[in-house]
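Peer 1: Got a structure for you, written out below as structure tokens; questions coming shortly.
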Amino acid sequence: MDSDEPNGNGLKQEAGLPPPPPVVPSNFRPQFEPVKKTTLLPMARRGSGTKGQKISLLTNHFRVNFNKADGYFFHYSVAIAYEDGRPVEAKGIGRQILDKVQETYKSDLGFKYFAYDGEKTLFTVGALPSNKLDFSVVLEEMASSRNNTGKDSPNETNDADRKRSRRPYQSKKFMVEISFAAKIPMQAIASALQGKETDSHQDAIRVLDVILRQSAARQGCLLVRQSFFHNDPKNFVTIGGGVIGCRGFHSSFRTTQGGLSLNIDVSTTMIVQPGPVVDFLIANQGVKDPFSVDWNKAKRTLKNLRVRVTTTNREYKISGLSENRCKDQMFTWRKPNGKGEIEEVEITVFDYFREREVHLEYSGDLPCINVGKPKRPTYIPVEHCQLVSLQRYTKSLTNFQRASLVEKSRQKPLERMAALTNGLKNSNYNADPALQESGVSIGSNFTQVDGRILPAPKLKVGNGEDFFPRNGRWNFNNKKLVEPATVTKWAVVNFSARCDTRGLIRDLIRCGQMKGINVEPPFSDIFDENPQFRRAPANIRVEKMFEQIQSKLPGKPKFLLCILAERKNSDIYGPWKKKNLSDLGIVTQCIAPTRVNDQYLTNVLLKINAKLGGLNSLLAMERSPAMPLVTQVPSIIVGMDVSHGSPGHSDIPSIAAVVSSRAWPLISKYRACVRTQSRKVEMIDNLFKPVSSDKDEGMFRELLVDFYSSSVKKKPDHIIVFRDGVSESQFNQVLNIELDQMKEACKFLDSKWDPKFIVIVAQKNHHTKFFQTGGPDNVPPGTIIDSKICHPRNNDFYLCAHAGMIGTTRPTHYHVLYDEIGFSTDDLQELVHSLSYVYQRSTTAISVVAPICYAHLAAAQMGTVMKFEDNSERSSSHGEITTPGAVPVPPMPKLNGDVASTMFFC
């Protein structure tokens with residue numbers, strides 16, 4: 001299938017830009033001067049915006065009063081050991097021990113209250129009587145896997161264990177050492193409120209957060225970072241598969257322009273269904289009875305969960321399952337005889353329990369739960385094990401579970417406000433003695449803020465028509481696309497979907513004509529999958545389909561419409577995309593139609609048109625001097641994101657995606673570069689590589705070359721970078737690692753070229769919400785807030801660009817880290833707002849700028865290609881990226897040149 005079209009990737013067209021140097025010895029210094037490195041910090045705010053209609057809003061920040069600015073928090077290290085000197089490693093027990101210390105040794109502690117993080121750190125207001133204190137405490141009725149010799153547990157015991165098992169209560173002695181580590185001036189908080197950064201202000205805020213976590217822990221809550229969850233069935237929603245969505249609250253202290261505030265929001269985590277282990281496994285695996293459970297899978301699912309044994313009412317941690325079924329699993333029972341002696345008896349777990357007159361109804365034919373150590377197992381029949389409540393479920397959710405969770409956990413604005421008010425009231429923070437000692441009290445009213453509603457940008461569609469979206473939405477009824485593509489040399493393939501394919505083609509051509517797209521008739525044959533291959537592996541099905549196509553078509557098609565039987569998670573999708581995008585260079589659109597109407601077909605055509613190089617709509621400013629810093633000066637807009645493997649998939653690499661605008665002065669067309677990198681690494685490490693053995697000199701260089709070749713041989717003088725997915729603690733890395741790579745890429749291409757950068761981070765994963773003061777609706781699209789609850793010094797703002805149709809709108813929090821270009825506040829906010837309207841896949845404003853959405857889509861789509869790669873293609877002989885001591889990272893399959901510069905991800 002040789003292409004009859006010229007290579008379209010533009011990588012060879014570098015006229016005007018110095019070509020990269022040839023491959024040179026590793027000890028040879030590249031012929032360019034690396035950028036001089038200076039440590040950069042996030043820039044300060046230049047002022048607030050003024051454009052837009054003013055609106056009064058409420059936000060879920062609660063004012064904090066603080067009246068001890070001249071004191072100190074004292075930081076102490078905590079070491080807890082057993083009586084024999086072994087360190088205590090089990091999590092969760094530390095709080096019980098330190099509570100006992102505080103209760104027992106009040107006077108030795110100077111009557112101080114602790115703020116303890118549950119592990120190795122505690123804080124006090126003012127100093128303890130000594131820099132080093134040693135205590136011993138005894139806890140009664142401990143239930144842990146370290147001491148698992150209950151009278152109805154078959155295990156291997158020694159004499160000491162046997163003596164302890166005769167006691168009516170279990171008890172253990174602990175040694176606690178508290179040592180001074182540092183002191184933190186409370187003045188750091190007051191300074192932060194005035195916009196003055198100090199080395200200590202984050203530490204001081206952390207102390208207050210620890211106090212709130214401790215307060216929640218004492219109420220029996222599950223703690224997940226800065227969120228807490230009560231064991232109250234009213235907060236539980238079943239989402240299927242033995243998984244429950246548990247609603248709780250997030251709380252964190254924030255320094256803002258308006259002072260110190262407590263940000264409280266509704267939060268949800270996944271927990272396993274409490275109750276009988278068997279019931280959970282049946283639901284989790286979707287089987288009808290315990291005898292149908294896949295116990296190998298169950299072993300992985302249950303590991304480290306806690307169970308309560310019904311016969312003893314004691315709790316243990318699951319370490320595994322028995323190798324044999326309960327009736328066959330043998331162990332050595334140290335059985336007392338009538339003479340007061342111990343006999344060693346080989347017995348099955350089933351017979352042991354039957355001899356102890358414990359009834360087993362059905363679990364004799366099932367494996368046992370092991371709550372002991374691998375070399376010293378303790379077996380419990382599964383029917384006598386109940387999962388304890390409030391245990392996190394950390395596996396990946398299915399699409400059904402995810403959809404169910406979204407539907408059941410969404411809250412309208414007024415409902416969310418009521419939940420937050422009740423949550424703050426029930427938490428009763430102001431009664432916490434540690435918080436009182438720190439001089440902190442928390443208000444009960446939502447903070448009032450002033451926002452502005454930015455007007456929607458003017459859009460252009462076909463025939464030179466201009467229009468303004470209303471309420472963040474528009475449609476193409478009676479309108480044509482601004483730059484329609486021609487759909488030619490195309491074919492339809494059908495992977496066993498039940499569909500009126502002829503009718504679909506007819507309606508697609510008709511609908512395309514209404515939108516200005518010339519959809520030519522496809523090749524006459526519809527390629528239906530041969531029924532004999534429907535149960536074959538996905539990659540075989542794809543290969544067989546292409547054998548059909550090659551045997552009947554005169555040459556390589558330009559476009560393939562692929563009809564899938566499954567709407568979500570089709571096995572075909574990954575191999576199909578890999579074959580088309582990487583191997584053959586064919587643009588493809590996958591659909592799984594259920595109800596086909598003109599709206600559905602229009603949405604499909606929007607994606608097809610963008611992939612084939614057309615434009616559905618664009619901003620009027622792209623063809624006017626309205627934004628001179630972007631449209632009058634060659635400017636490239638970049639979106640960057642990194643996606644990580646889902647929980648439980650430790651072998652999946654992270655995927656970095658960078659997209660950039662092309663064909664300046666347009667800012668609505670984009671190209672993507674995608675690479676793999678080490679798992680869970682957030683910083684993109686492949687933006688620029690001056691000397692590379694595999695001829696990959698980095699994503700950013702590739703995108704700069706594409707911009708040059710697609711923009712009448714102009715190099716961008718302004719580079720506008722949007723970065724997604726990084727926390728505030730990583731801002732300095734973005735500025736000093738990623739920005740540095742991008743600057744070096746520019747210098748590498750042309751040593752005299754010195755473009756100006758602006759770097760903006762977009763955060764969706766935060767907990768600030770806004771509410772209208774006068775009604776139940778979400779805030780209007782275009783609402784922007786850049787005062788009062790924003791950072792006291794840094795340049796940040798919140799934007800709700802989209803119309804929140806369900807639940808409560810989540811604003812995007814933008815942080816302007818760096819600006820050499822010199823945008824005014826209003827112009828920058830207008831640009832960010834406008835970039836929420838150039839997303840070619842939809843006819844609505846989106847919640848975050850389109851370049852970031854495109855980067856996310858590109859990473860996700862190439863992630864499906866990686867997911868379906870054969871293991872044979874992951875061997876080190878295929879050029880894997882490796883770092884010393886790291887798991888090898890398989891390379892991303894290279895995009896074919898015929899699709900590399902398209903919006904294949906759209």
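Residues are named by chain letter and number: chains run A, B, ... in the order of the structure tokens, numbers start at 1 in each chain, and ligands are numbered from 1 in the order shown.
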Please, which residues of region 642-731 of chain A, numbered as in this document, come out helix (DSSP H, G or I) from DSSP, as a list of chain:residue names?
Peer 2: A:Met699, A:Phe700, A:Arg701, A:Glu702, A:Leu703, A:Leu704, A:Val705, A:Asp706, A:Phe707, A:Tyr708, A:Ser709, A:Ser710, A:Glu728, A:Ser729, A:Gln730, A:Phe731
Peer 1: Given the selection you just returned, output its residues as a file containing C-alpha atoms, formatted as an mmCIF file, in the first residue's frame.
Peer 2:
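What landed in out_24.cif:
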data_model
loop_
_atom_site.group_PDB
_atom_site.id
_atom_site.type_symbol
_atom_site.label_atom_id
_atom_site.label_comp_id
_atom_site.auth_asym_id
_atom_site.auth_seq_id
_atom_site.Cartn_x
_atom_site.Cartn_y
_atom_site.Cartn_z
ATOM 1 C CA MET A 699 9.194 17.101 20.780
ATOM 2 C CA PHE A 700 9.522 20.860 21.034
ATOM 3 C CA ARG A 701 12.097 21.092 18.250
ATOM 4 C CA GLU A 702 9.848 18.991 16.024
ATOM 5 C CA LEU A 703 6.914 21.321 16.667
ATOM 6 C CA LEU A 704 8.988 24.446 15.985
ATOM 7 C CA VAL A 705 10.049 23.042 12.616
ATOM 8 C CA ASP A 706 6.409 22.243 11.806
ATOM 9 C CA PHE A 707 5.322 25.774 12.734
ATOM 10 C CA TYR A 708 8.000 27.206 10.428
ATOM 11 C CA SER A 709 7.030 25.020 7.475
ATOM 12 C CA SER A 710 3.278 25.658 7.918
ATOM 13 C CA GLU A 728 2.224 24.300 43.039
ATOM 14 C CA SER A 729 5.214 22.421 44.439
ATOM 15 C CA GLN A 730 6.293 21.646 40.846
ATOM 16 C CA PHE A 731 6.072 25.182 39.452
#
Peer 1: May I ask which of the residues A:Thr588, A:Thr256, A:Ser227, A:Ser409 is the closest one to Ile239 (chain A), counting only C-alpha atoms?
Peer 2: A:Ser409
Peer 1: Could you tell me which of A:Ile442, A:Val721, A:Val277, A:Ile380 comes closest to Ser251 (chain A) if we count only C-alpha atoms?
Peer 2: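 Selected residue with least distance to Ser251 (chain A): A:Ile442.
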Peer 1: Go through A:Val849, A:Ala859, A:Gly258, A:Thr812 and flag the residue nearest Val449 (chain A), using only C-alpha atoms for the distances.
Peer 2: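 Closest residue, counting only C-alpha atoms: A:Gly258.
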Peer 1: In region 480-543 of chain A, what's strand (DSSP E or B) per DSSP? Answer as a CSV table (one decimal) with N, CA and C atoms, in the first residue's frame?
Peer 2:
chain,number,residue,atom,x,y,z
A,483,GLU,N,-13.9,26.2,7.0
A,483,GLU,CA,-13.0,25.6,6.1
A,483,GLU,C,-13.3,24.1,5.9
A,486,THR,N,-12.6,18.1,1.9
A,486,THR,CA,-13.3,17.1,1.0
A,486,THR,C,-12.9,15.7,1.4
A,487,VAL,N,-14.0,14.9,1.6
A,487,VAL,CA,-13.8,13.5,2.0
A,487,VAL,C,-13.8,12.7,0.7
A,490,TRP,N,-12.3,7.2,0.1
A,490,TRP,CA,-12.5,6.7,1.5
A,490,TRP,C,-13.3,5.4,1.4
A,491,ALA,N,-13.3,4.7,2.5
A,491,ALA,CA,-14.1,3.4,2.6
A,491,ALA,C,-14.6,3.3,4.0
A,492,VAL,N,-15.6,2.3,4.1
A,492,VAL,CA,-16.2,2.0,5.3
A,492,VAL,C,-15.9,0.6,5.7
A,493,VAL,N,-15.4,0.4,7.0
A,493,VAL,CA,-15.2,-1.0,7.4
A,493,VAL,C,-16.1,-1.2,8.6
A,494,ASN,N,-16.6,-2.4,8.8
A,494,ASN,CA,-17.6,-2.7,9.8
A,494,ASN,C,-17.1,-4.0,10.6
A,495,PHE,N,-16.7,-3.7,11.9
A,495,PHE,CA,-16.3,-4.9,12.7
A,495,PHE,C,-17.5,-5.4,13.5
A,518,ASN,N,-17.8,18.4,1.1
A,518,ASN,CA,-18.1,17.5,0.0
A,518,ASN,C,-17.7,16.1,0.3
A,519,VAL,N,-18.6,15.3,0.7
A,519,VAL,CA,-18.4,13.9,1.0
A,519,VAL,C,-18.7,13.1,-0.3
A,526,ILE,N,-18.4,-2.2,1.0
A,526,ILE,CA,-18.4,-2.0,2.4
A,526,ILE,C,-17.6,-3.2,3.0
A,527,PHE,N,-16.6,-3.0,3.8
A,527,PHE,CA,-15.8,-4.1,4.2
A,527,PHE,C,-16.3,-4.6,5.5
A,528,ASP,N,-17.2,-5.6,5.4
A,528,ASP,CA,-17.7,-6.3,6.6
A,528,ASP,C,-16.8,-7.4,7.1
